[in-house]
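Listing of work39.cif, mmCIF, C-alpha atoms and all ligand atoms
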data_entry
loop_
_atom_site.label_atom_id
_atom_site.label_comp_id
_atom_site.auth_asym_id
_atom_site.auth_seq_id
_atom_site.Cartn_x
_atom_site.Cartn_y
_atom_site.Cartn_z
CA MET A 276 -22.46 14.82 -12.40
CA THR A 277 -23.29 16.82 -9.29
CA THR A 278 -22.94 14.90 -6.11
CA THR A 279 -24.89 15.60 -2.93
CA LEU A 280 -22.64 14.88 0.00
CA PRO A 281 -22.36 12.96 2.16
CA LEU A 282 -22.97 9.73 0.32
CA THR A 283 -24.29 6.70 2.12
CA ARG A 284 -21.91 3.75 2.29
CA ASP A 285 -24.01 1.95 -0.31
CA GLN A 286 -23.83 4.94 -2.64
CA LEU A 287 -20.06 5.10 -2.18
CA LEU A 288 -19.59 1.42 -2.97
CA GLU A 289 -22.08 1.16 -5.83
CA PRO A 290 -19.62 2.16 -8.60
CA VAL A 291 -16.85 0.11 -6.98
CA HIS A 292 -18.99 -3.01 -7.00
CA ARG A 293 -19.68 -2.48 -10.68
CA LEU A 294 -15.97 -2.89 -11.48
CA PRO A 295 -14.84 -6.35 -12.49
CA ARG A 296 -13.20 -8.00 -9.49
CA GLU A 297 -12.08 -11.51 -8.59
CA ARG A 298 -12.29 -12.23 -4.89
CA PHE A 299 -9.44 -13.98 -3.15
CA ALA A 300 -8.24 -11.59 -0.43
CA HIS A 301 -8.89 -12.59 3.16
CA LEU A 302 -11.36 -9.90 4.20
CA PRO A 303 -12.21 -8.23 6.44
CA THR A 304 -8.70 -7.80 7.78
CA PRO A 305 -8.48 -7.62 11.58
CA LEU A 306 -8.50 -4.32 13.47
CA GLU A 307 -6.45 -4.72 16.63
CA GLU A 308 -5.71 -2.34 19.46
CA ALA A 309 -2.06 -1.83 20.49
CA PRO A 310 -2.16 -0.93 24.21
CA ARG A 311 1.46 -1.81 24.97
CA LEU A 312 2.72 0.33 22.11
CA ARG A 313 0.56 3.18 23.43
CA GLU A 314 1.94 2.74 26.92
CA ALA A 315 5.51 2.78 25.63
CA LEU A 316 4.82 6.15 24.01
CA GLY A 317 3.94 7.84 27.30
CA PRO A 318 0.89 9.23 29.12
CA ASP A 319 -0.10 11.62 26.32
CA ALA A 320 -0.23 8.97 23.60
CA PRO A 321 -3.59 8.32 21.88
CA ARG A 322 -5.33 4.96 21.55
CA ILE A 323 -3.70 3.12 18.67
CA PHE A 324 -5.41 0.58 16.42
CA ILE A 325 -3.69 -1.50 13.76
CA LYS A 326 -5.55 -2.40 10.58
CA ARG A 327 -3.87 -5.62 9.53
CA GLU A 328 -3.53 -5.29 5.77
CA ASP A 329 -0.47 -7.49 6.14
CA GLN A 330 -2.97 -10.34 6.72
CA THR A 331 -4.74 -10.32 3.34
CA GLY A 332 -3.71 -13.87 2.61
CA LEU A 333 -1.75 -14.13 -0.64
CA ALA A 334 1.92 -15.18 -0.13
CA PHE A 335 2.65 -13.00 2.95
CA GLY A 336 -0.13 -10.53 2.14
CA GLY A 337 -0.07 -6.75 2.05
CA ASN A 338 -2.29 -3.89 0.92
CA LYS A 339 -1.74 -4.77 -2.72
CA VAL A 340 -3.82 -7.93 -2.44
CA ARG A 341 -6.96 -5.77 -2.34
CA HIS A 342 -5.73 -4.06 -5.49
CA LEU A 343 -4.91 -7.32 -7.22
CA GLU A 344 -8.56 -8.40 -7.04
CA PHE A 345 -9.35 -5.62 -9.52
CA ARG A 346 -6.17 -6.12 -11.51
CA LEU A 347 -6.72 -9.82 -12.04
CA ALA A 348 -10.20 -9.19 -13.43
CA ASP A 349 -8.72 -6.60 -15.78
CA ILE A 350 -5.88 -8.92 -16.81
CA ARG A 351 -8.40 -11.66 -17.60
CA GLN A 352 -10.70 -9.34 -19.54
CA ARG A 353 -7.80 -8.35 -21.76
CA GLY A 354 -6.78 -11.95 -22.27
CA ALA A 355 -3.27 -11.30 -20.93
CA THR A 356 -1.07 -14.32 -20.30
CA ALA A 357 2.15 -12.70 -19.02
CA MET A 358 2.85 -9.84 -16.62
CA THR A 359 5.94 -7.66 -16.80
CA ILE A 360 7.26 -5.91 -13.72
CA MET A 361 10.17 -3.49 -13.24
CA ASN A 362 11.03 -3.24 -9.54
CA PRO A 363 13.91 -3.62 -7.07
CA ALA A 364 14.60 -6.76 -5.01
CA VAL A 365 12.69 -5.46 -1.96
CA SER A 366 9.53 -4.90 -3.99
CA ASN A 367 6.30 -6.26 -2.54
CA HIS A 368 4.66 -5.41 -5.86
CA ALA A 369 6.94 -7.86 -7.68
CA ARG A 370 6.47 -10.63 -5.09
CA LEU A 371 2.70 -10.26 -5.08
CA HIS A 372 2.43 -10.24 -8.87
CA ALA A 373 4.58 -13.37 -8.92
CA ALA A 374 2.13 -14.87 -6.42
CA LEU A 375 -0.86 -13.83 -8.51
CA ALA A 376 0.72 -15.38 -11.58
CA ALA A 377 1.42 -18.65 -9.78
CA LYS A 378 -2.07 -18.92 -8.31
CA PHE A 379 -3.98 -18.00 -11.45
CA GLY A 380 -1.87 -19.62 -14.15
CA LEU A 381 -0.12 -16.61 -15.67
CA SER A 382 3.58 -15.96 -16.03
CA ALA A 383 5.47 -13.15 -14.28
CA HIS A 384 8.68 -11.55 -15.59
CA ILE A 385 10.57 -9.16 -13.33
CA LEU A 386 13.29 -6.85 -14.60
CA LYS A 387 15.12 -6.26 -11.34
CA ILE A 388 16.21 -2.67 -10.74
CA PRO A 389 19.65 -2.95 -9.10
CA SER A 390 19.82 -1.97 -5.40
CA ASP A 391 21.94 -2.49 -2.29
CA GLN A 392 19.76 -5.40 -1.24
CA ASP A 393 20.75 -7.68 -4.12
CA ALA A 394 23.71 -9.46 -2.57
CA ILE A 395 21.81 -12.25 -0.85
CA VAL A 396 18.68 -13.73 -2.35
CA ASN A 397 16.27 -13.34 0.55
CA GLY A 398 12.95 -11.74 1.46
CA ASN A 399 10.75 -10.70 -1.46
CA LEU A 400 13.30 -11.65 -4.09
CA LEU A 401 13.60 -15.18 -2.74
CA LEU A 402 9.81 -15.49 -2.65
CA ALA A 403 9.43 -14.18 -6.21
CA ARG A 404 11.85 -16.85 -7.40
CA MET A 405 10.12 -19.56 -5.38
CA LEU A 406 6.81 -18.47 -6.90
CA GLY A 407 8.23 -19.17 -10.34
CA ALA A 408 8.75 -15.64 -11.67
CA GLU A 409 11.47 -15.05 -14.22
CA VAL A 410 13.92 -12.57 -12.64
CA ILE A 411 16.09 -10.72 -15.13
CA GLU A 412 19.25 -8.82 -14.18
CA PRO A 413 19.62 -5.68 -16.31
CA SER A 414 23.04 -4.90 -17.71
CA SER A 415 23.13 -1.49 -15.97
CA ALA A 416 21.26 0.67 -13.45
CA ASP A 417 21.08 3.54 -15.96
CA PRO A 418 17.36 4.38 -16.38
CA ASP A 419 17.65 4.57 -20.17
CA VAL A 420 19.20 1.11 -20.29
CA LEU A 421 16.59 -0.22 -17.88
CA HIS A 422 13.72 1.09 -19.98
CA ALA A 423 15.26 -0.23 -23.19
CA GLU A 424 15.70 -3.67 -21.63
CA TYR A 425 12.17 -3.56 -20.24
CA ARG A 426 10.82 -2.82 -23.73
CA ALA A 427 12.95 -5.64 -25.11
CA LEU A 428 11.48 -7.99 -22.50
CA LYS A 429 7.94 -7.11 -23.56
CA GLU A 430 8.83 -7.56 -27.23
CA ARG A 431 10.40 -10.92 -26.53
CA LEU A 432 7.28 -12.13 -24.72
CA GLU A 433 5.02 -10.88 -27.51
CA GLY A 434 7.25 -12.66 -29.99
CA GLU A 435 6.67 -15.84 -28.00
CA GLY A 436 2.92 -15.37 -28.46
CA HIS A 437 2.08 -13.86 -25.07
CA VAL A 438 -0.45 -11.11 -24.50
CA VAL A 439 1.54 -8.89 -22.13
CA TYR A 440 0.17 -6.90 -19.18
CA ASP A 441 2.60 -4.17 -18.17
CA THR A 442 2.05 -3.65 -14.44
CA ALA A 443 4.55 -0.78 -14.30
CA GLU A 444 2.94 1.48 -16.87
CA ASP A 445 -0.62 0.43 -17.38
CA PRO A 446 -2.79 3.33 -16.09
CA TYR A 447 -5.61 1.09 -14.85
CA SER A 448 -3.13 -1.15 -13.10
CA THR A 449 -1.65 1.73 -11.13
CA ILE A 450 -5.00 3.22 -10.12
CA ALA A 451 -6.66 -0.08 -9.13
CA GLY A 452 -4.95 0.37 -5.77
CA ALA A 453 -7.37 3.10 -4.78
CA PHE A 454 -10.52 1.02 -5.40
CA GLY A 455 -9.75 -1.56 -2.76
CA PHE A 456 -9.40 1.08 -0.09
CA LEU A 457 -12.83 2.55 -0.76
CA ILE A 458 -14.04 -0.86 0.35
CA GLY A 459 -11.37 -0.96 3.07
CA ALA A 460 -12.57 2.39 4.45
CA VAL A 461 -16.13 1.13 4.85
CA GLU A 462 -14.85 -2.09 6.39
CA MET A 463 -12.79 -0.13 8.93
CA LEU A 464 -15.69 2.20 9.80
CA GLU A 465 -17.92 -0.80 10.49
CA GLN A 466 -15.24 -2.23 12.78
CA PHE A 467 -15.03 1.05 14.70
CA GLU A 468 -18.80 1.19 15.00
CA ARG A 469 -18.73 -2.13 16.81
CA LEU A 470 -16.28 -0.56 19.28
CA GLN A 471 -18.63 2.45 19.54
CA ILE A 472 -15.87 4.91 18.73
CA LYS A 473 -14.72 6.83 15.68
CA PRO A 474 -11.26 6.96 14.12
CA ASP A 475 -9.71 10.44 14.25
CA ARG A 476 -6.50 9.89 12.32
CA ILE A 477 -5.13 7.30 9.94
CA PHE A 478 -1.42 6.85 9.25
CA LEU A 479 -0.11 4.91 6.27
CA VAL A 480 2.46 4.82 3.50
CA TYR A 481 1.42 7.27 0.78
CA GLY A 482 0.04 6.06 -2.51
CA ALA A 483 -3.13 4.70 -4.04
CA SER A 484 -4.40 3.15 -0.79
CA ALA A 485 -4.07 6.48 1.02
CA ALA A 486 -5.94 8.13 -1.86
CA GLY A 487 -8.81 5.65 -1.49
CA LEU A 488 -9.10 6.41 2.23
CA VAL A 489 -9.00 10.20 1.67
CA LEU A 490 -11.64 9.99 -1.05
CA ALA A 491 -13.91 7.70 0.98
CA GLY A 492 -13.65 9.97 4.04
CA LYS A 493 -14.63 13.05 2.07
CA LEU A 494 -17.48 11.35 0.22
CA LEU A 495 -18.91 9.85 3.41
CA GLY A 496 -18.50 13.06 5.42
CA GLU A 497 -16.30 11.24 7.94
CA LYS A 498 -14.10 13.40 10.16
CA TYR A 499 -11.01 11.20 10.13
CA ARG A 500 -7.82 12.74 8.80
CA VAL A 501 -5.38 10.69 6.74
CA HIS A 502 -1.64 11.23 7.17
CA ALA A 503 0.21 9.93 4.10
CA VAL A 504 3.89 9.14 4.64
CA ASN A 505 6.53 9.40 1.92
CA ILE A 506 8.97 6.52 2.34
CA GLY A 507 12.01 8.26 0.86
CA ASP A 508 11.35 8.18 -2.86
CA HIS A 509 11.07 11.12 -5.17
CA HIS A 510 7.34 11.89 -5.28
CA ASP A 511 5.84 14.96 -3.64
CA PRO A 512 3.79 13.47 -0.78
CA TYR A 513 0.72 15.61 -1.55
CA ASP A 514 0.76 15.48 -5.34
CA TYR A 515 1.25 11.73 -5.46
CA VAL A 516 -1.87 11.03 -3.36
CA LEU A 517 -3.91 13.80 -5.02
CA ASP A 518 -3.28 12.37 -8.46
CA PHE A 519 -4.65 8.95 -7.48
CA ALA A 520 -7.59 10.49 -5.61
CA MET A 521 -8.59 12.78 -8.49
CA ARG A 522 -8.31 10.07 -11.12
CA THR A 523 -10.36 7.70 -8.98
CA SER A 524 -13.03 10.32 -8.34
CA GLU A 525 -13.30 10.92 -12.06
CA LEU A 526 -13.18 7.29 -13.14
CA LEU A 527 -15.88 6.23 -10.69
CA GLY A 528 -18.03 9.30 -11.39
CA TYR A 529 -18.04 10.81 -7.90
CA GLY A 530 -17.37 14.22 -9.39
CA ILE A 531 -15.67 15.79 -6.37
CA GLU A 532 -12.40 17.65 -5.99
CA ILE A 533 -9.79 16.52 -3.51
CA THR A 534 -7.33 19.20 -2.39
CA ARG A 535 -4.29 19.43 -0.14
CA ASP A 536 -6.55 20.60 2.68
CA ASP A 537 -8.29 17.24 2.74
CA PHE A 538 -5.37 15.30 4.27
CA ASP A 539 -1.93 15.55 5.84
CA ALA A 540 1.30 14.28 4.34
CA SER A 541 4.96 14.29 5.29
CA ALA A 542 8.30 13.56 3.69
CA GLU A 543 10.64 13.83 6.69
CA TYR A 544 10.14 10.23 7.87
CA GLY A 545 11.34 8.80 4.58
CA SER A 546 14.97 9.72 5.17
CA PRO A 547 17.70 8.79 4.45
CA GLY A 548 16.14 7.41 1.24
CA TYR A 549 14.04 4.75 -0.43
CA ALA A 550 14.81 1.26 0.92
CA VAL A 551 17.33 2.72 3.38
CA PRO A 552 16.12 2.69 7.00
CA GLY A 553 17.22 5.50 9.32
CA ASP A 554 17.36 5.45 13.13
CA ALA A 555 13.70 6.39 13.55
CA THR A 556 12.64 3.51 11.29
CA ILE A 557 14.81 1.01 13.14
CA GLU A 558 13.44 2.24 16.47
CA ALA A 559 9.83 1.91 15.24
CA ILE A 560 10.48 -1.64 14.00
CA SER A 561 12.00 -2.65 17.31
CA LEU A 562 9.28 -0.99 19.42
CA ALA A 563 6.44 -2.64 17.47
CA ALA A 564 8.10 -6.03 17.72
CA ARG A 565 8.80 -5.79 21.45
CA THR A 566 5.50 -4.30 22.57
CA GLU A 567 2.96 -5.91 20.21
CA ALA A 568 4.82 -8.73 18.42
CA LEU A 569 4.02 -6.70 15.32
CA ILE A 570 6.46 -7.04 12.45
CA VAL A 571 6.88 -3.90 10.34
CA ASP A 572 9.50 -3.54 7.64
CA PRO A 573 12.53 -1.34 6.89
CA VAL A 574 11.26 -0.10 3.50
CA TYR A 575 7.60 0.86 4.00
CA THR A 576 5.73 0.22 7.22
CA GLY A 577 8.67 0.93 9.54
CA LYS A 578 8.66 4.44 8.08
CA SER A 579 4.91 5.00 8.33
CA LEU A 580 5.00 3.77 11.93
CA ALA A 581 7.97 6.07 12.62
CA ALA A 582 5.78 8.93 11.35
CA LEU A 583 2.99 8.03 13.75
CA ILE A 584 5.45 7.80 16.65
CA GLY A 585 7.15 11.04 15.60
CA GLU A 586 3.88 13.00 15.41
CA ILE A 587 2.80 11.67 18.82
CA ARG A 588 6.11 12.77 20.34
CA LYS A 589 5.77 16.21 18.79
CA GLY A 590 2.44 16.57 20.57
CA LYS A 591 0.49 16.77 17.30
CA ILE A 592 -1.97 14.06 18.38
CA GLY A 593 -3.99 14.32 21.59
CA PRO A 594 -4.44 11.53 24.16
CA ASP A 595 -8.21 11.49 23.50
CA GLU A 596 -7.84 10.64 19.83
CA ASN A 597 -8.22 7.24 18.19
CA VAL A 598 -5.45 6.64 15.70
CA VAL A 599 -5.29 3.90 13.08
CA PHE A 600 -2.03 2.59 11.75
CA ILE A 601 -2.67 0.83 8.43
CA HIS A 602 -0.14 -1.98 8.32
CA THR A 603 0.24 -2.17 4.54
CA GLY A 604 2.55 -5.20 4.62
CA GLY A 605 6.13 -5.69 3.51
CA THR A 606 6.72 -8.46 6.05
CA PRO A 607 9.28 -10.39 3.96
CA ASN A 608 11.61 -7.37 3.94
CA PRO A 609 13.19 -7.64 7.42
CA PHE A 610 14.87 -10.84 6.21
CA SER A 611 16.90 -8.78 3.74
CA TYR A 612 18.01 -6.30 6.43
CA SER A 613 19.44 -8.32 9.30
CA GLU A 614 22.58 -6.18 9.47
CA HIS A 615 20.41 -3.07 10.07
CA LEU A 616 18.04 -4.71 12.51
CA LEU A 617 20.46 -6.43 14.88
CA PRO A 618 21.88 -4.18 17.61
C1 LIG A 701 3.15 -0.83 -2.39
C2 LIG A 701 3.10 -0.60 -0.95
C3 LIG A 701 2.51 0.55 -0.43
C4 LIG A 701 1.89 1.61 -1.29
O1 LIG A 701 0.87 1.05 -2.07
P1 LIG A 701 -0.23 1.90 -2.79
O2 LIG A 701 -0.92 0.92 -3.64
O3 LIG A 701 0.41 2.96 -3.60
O4 LIG A 701 -1.09 2.45 -1.71
C5 LIG A 701 2.50 0.72 0.93
N1 LIG A 701 3.03 -0.20 1.76
C6 LIG A 701 3.58 -1.34 1.31
C7 LIG A 701 4.15 -2.29 2.28
C8 LIG A 701 3.63 -1.57 -0.07
O5 LIG A 701 4.16 -2.71 -0.51
#
Taking this structure as input, can you express it in the form of structure tokens?
Ligand SMILES: *Cc1c(COP(=O)(O)O)cnc(C)c1O
Amino acid sequence: MTTTLPLTRDQLLEPVHRLPRERFAHLPTPLEEAPRLREALGPDAPRIFIKREDQTGLAFGGNKVRHLEFRLADIRQRGATAMTIMNPAVSNHARLHAALAAKFGLSAHILKIPSDQDAIVNGNLLLARMLGAEVIEPSSADPDVLHAEYRALKERLEGEGHVVYDTAEDPYSTIAGAFGFLIGAVEMLEQFERLQIKPDRIFLVYGASAAGLVLAGKLLGEKYRVHAVNIGDHHDPYDYVLDFAMRTSELLGYGIEITRDDFDASAEYGSPGYAVPGDATIEAISLAARTEALIVDPVYTGKSLAALIGEIRKGKIGPDENVVFIHTGGTPNPFSYSEHLLP
């Protein structure tokens, strides 16, 4: 298909609205300005707005609740009764799938990838247990062992008569994340229109949500530039987002190419590594809490906020710009990191 750009918002959303979706997210999420955070960043800091995807409503919320609306419809269409998940203790994905299972009468089974945050049952892991998920300790952290035990888990469930939905590997499940942020992009643009300004830059953790925002911006001819932040895992920050964006463009029939020139990405703010907060992350968490009573987390949003702060301090963002920080959630995670967060 050849696409004449820009699309109208209705044209953009038409294929999204054709996808099966069950609505339970609290939408629209608020868009709030953060004047005290701006002030703390000095006279050259831009206006900063926070899009509160941490307020989507399901068991502590997060960006994934938008995604789960599409996933649940898919899970139902396939007649699945059990979901399998392979994630570490700090995983919001695992907690939110456990919540989905509890609310909609499915079962959730988490093979827990060992990590440093396992010692106390707190944060997301505590919530997953409270929500009734089965949490399985693997016998080793070796990836081969993990995958073998994950396969064994699925076989066991099938043997018990379940139809299993594999959230870790199912291609539709992983891409559903981008759909919700095509809707989220339009929602955000409408909120900015009411303020009679336009967003210039958008900072968030890289992934499917970032891909949805990049794709929507290009299709709508919007000038905003997305900055996707690697949070210390192994993916290339550009390739990871591009893959989601391209697959979404194809699946929904938009027929456009997304390239590296269409957005910014960075890996430096992810250090020292996944689920390990560095000084910049701890500083961002503390600053957000003390200036805006905004709780960001040591695994995801503390790093994306550190990126925004870091780019402002480098002078990469002008004082006349309007910047959006997408708060993608992760709010149970600080409870697992008290020893990092206390001075
Ligand atoms: C999972 C997660 C992300 C990334 O999600 P995508 O669906 O890949 O966009 C970002 N932030 C938080 C807090 C998350 O839990």
inquiry  = As a quick test: using all atoms listed in the file, which residues lie no more than 7 Å away from ligand LIG 701 (chain A)? Give them as JSON, numbers by chain.
reply    = {"A": [337, 338, 339, 366, 367, 368, 452, 453, 480, 481, 482, 483, 484, 485, 575, 576, 603, 604, 605]}
Within 7 Å of region 344-351 of chain A, which residues of region 281-338 of chain A show up? Give each one with its shortest atom-to-atom distance in Å (one decimal) and the two atoms involved, counting all atoms listed in the file, rows by chain then rising residue number, as a Markdown table.
| residue | atom | partner | partner_atom | distance |
| --- | --- | --- | --- | --- |
| A:Pro295 | CA | A:Ala348 | CA | 5.5 |
| A:Arg296 | CA | A:Phe345 | CA | 4.5 |
| A:Glu297 | CA | A:Glu344 | CA | 4.9 |
| A:Arg298 | CA | A:Glu344 | CA | 5.8 |
| A:Phe299 | CA | A:Glu344 | CA | 6.9 |
task = Give me, please, the distance in Å between CA of Tyr549 (chain A) and CA of Pro363 (chain A), quoted to one decimal.
result =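 Those two atoms sit 10.7 Å apart.
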inquiry  = Env of region 395-407 of chain A: 7 Å cut, atoms = only C-alpha atoms, seq-sep filter 6 positions within chain, self excluded. Answer as a list in words.
reply    = Ala364, Val365, Ser366, Asn367, Ala369, Arg370, Ala373, Ala374, Ala377, Pro607, Asn608, Phe610 and Ser611 of chain A
Closest atom pairs, region 463-503 of chain A residues within 10 Å of region 301-314 of chain A, all atoms listed in the file, as a Markdown table:
| residue | atom | partner | partner_atom | distance |
| --- | --- | --- | --- | --- |
| A:Met463 | CA | A:Leu306 | CA | 7.5 |
| A:Gln466 | CA | A:Leu306 | CA | 7.1 |
| A:Phe467 | CA | A:Leu306 | CA | 8.5 |
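Closest approach to Asp595 (chain A) among A:Ala320, A:Ile411, A:Leu371, A:Ala520 is made by A:Ala320 (distances from only C-alpha atoms).
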task = Choose the residue, out of A:Leu457, A:Glu525, A:Glu614, A:Ile531, that has the smallest atom-to-atom separation from Leu287 (chain A); count all atoms listed in the file.
result =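 Checking each of A:Leu457, A:Glu525, A:Glu614, A:Ile531 against Leu287 (chain A), counting all atoms listed in the file, the winner is A:Leu457.
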Interatomic distance, CA of Asp514 (chain A) to CA of Arg476 (chain A) (Å, one decimal) =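 Between these atoms lies a distance of 19.9 Å.
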Box time for region 282-287 of chain A: axis-aligned, enclosing all its listed atoms, 5 Å extra on each side; report centre and edge lengths in Å to one decimal, as lines of an AutoDock Vina configuration file.
center_x = -22.2
center_y = 5.8
center_z = -0.2
size_x = 14.2
size_y = 17.8
size_z = 14.9
ask   = Can you tell me, as a list in words, which residues sit within 7 Å of (-0.6, -12.9, -22.2) in the file's frame, using only C-alpha atoms?
value =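 Residues with an atom close enough to that point: Gly354, Ala355, Thr356, Ala357, His437, Val438, Val439 and Tyr440 of chain A.
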Mind rebuilding region 524-542 of chain A with N, CA and C atoms and writing that out as an mmCIF file, in the frame of the given file?
data_model
loop_
_atom_site.group_PDB
_atom_site.id
_atom_site.type_symbol
_atom_site.label_atom_id
_atom_site.label_comp_id
_atom_site.auth_asym_id
_atom_site.auth_seq_id
_atom_site.Cartn_x
_atom_site.Cartn_y
_atom_site.Cartn_z
ATOM 1 N N SER A 524 -11.763 9.592 -8.425
ATOM 2 C CA SER A 524 -13.030 10.320 -8.340
ATOM 3 C C SER A 524 -13.658 10.459 -9.726
ATOM 4 N N GLU A 525 -12.810 10.742 -10.696
ATOM 5 C CA GLU A 525 -13.300 10.920 -12.060
ATOM 6 C C GLU A 525 -13.759 9.598 -12.669
ATOM 7 N N LEU A 526 -12.895 8.592 -12.522
ATOM 8 C CA LEU A 526 -13.180 7.290 -13.140
ATOM 9 C C LEU A 526 -14.468 6.673 -12.594
ATOM 10 N N LEU A 527 -14.700 6.851 -11.294
ATOM 11 C CA LEU A 527 -15.880 6.230 -10.690
ATOM 12 C C LEU A 527 -17.083 7.190 -10.672
ATOM 13 N N GLY A 528 -16.898 8.392 -11.240
ATOM 14 C CA GLY A 528 -18.030 9.300 -11.390
ATOM 15 C C GLY A 528 -18.500 9.977 -10.121
ATOM 16 N N TYR A 529 -17.622 10.120 -9.120
ATOM 17 C CA TYR A 529 -18.040 10.810 -7.900
ATOM 18 C C TYR A 529 -18.116 12.324 -8.107
ATOM 19 N N GLY A 530 -17.299 12.803 -9.042
ATOM 20 C CA GLY A 530 -17.370 14.220 -9.390
ATOM 21 C C GLY A 530 -17.005 15.181 -8.289
ATOM 22 N N ILE A 531 -16.098 14.806 -7.376
ATOM 23 C CA ILE A 531 -15.670 15.790 -6.370
ATOM 24 C C ILE A 531 -14.168 16.075 -6.520
ATOM 25 N N GLU A 532 -13.796 17.229 -6.006
ATOM 26 C CA GLU A 532 -12.400 17.650 -5.990
ATOM 27 C C GLU A 532 -11.771 17.235 -4.666
ATOM 28 N N ILE A 533 -10.559 16.732 -4.737
ATOM 29 C CA ILE A 533 -9.790 16.520 -3.510
ATOM 30 C C ILE A 533 -8.652 17.544 -3.552
ATOM 31 N N THR A 534 -8.410 18.212 -2.430
ATOM 32 C CA THR A 534 -7.330 19.200 -2.390
ATOM 33 C C THR A 534 -6.363 18.850 -1.259
ATOM 34 N N ARG A 535 -5.293 19.617 -1.200
ATOM 35 C CA ARG A 535 -4.290 19.430 -0.140
ATOM 36 C C ARG A 535 -4.871 19.603 1.251
ATOM 37 N N ASP A 536 -5.952 20.376 1.360
ATOM 38 C CA ASP A 536 -6.550 20.600 2.680
ATOM 39 C C ASP A 536 -7.276 19.368 3.211
ATOM 40 N N ASP A 537 -7.492 18.397 2.340
ATOM 41 C CA ASP A 537 -8.290 17.240 2.740
ATOM 42 C C ASP A 537 -7.494 16.172 3.492
ATOM 43 N N PHE A 538 -6.170 16.321 3.562
ATOM 44 C CA PHE A 538 -5.370 15.300 4.270
ATOM 45 C C PHE A 538 -4.023 15.894 4.656
ATOM 46 N N ASP A 539 -3.289 15.158 5.462
ATOM 47 C CA ASP A 539 -1.930 15.550 5.840
ATOM 48 C C ASP A 539 -0.947 14.627 5.136
ATOM 49 N N ALA A 540 0.265 15.115 4.932
ATOM 50 C CA ALA A 540 1.300 14.280 4.340
ATOM 51 C C ALA A 540 2.642 14.769 4.847
ATOM 52 N N SER A 541 3.630 13.875 4.847
ATOM 53 C CA SER A 541 4.960 14.290 5.290
ATOM 54 C C SER A 541 6.013 13.534 4.519
ATOM 55 N N ALA A 542 7.171 14.176 4.379
ATOM 56 C CA ALA A 542 8.300 13.560 3.690
ATOM 57 C C ALA A 542 9.448 13.272 4.643
#
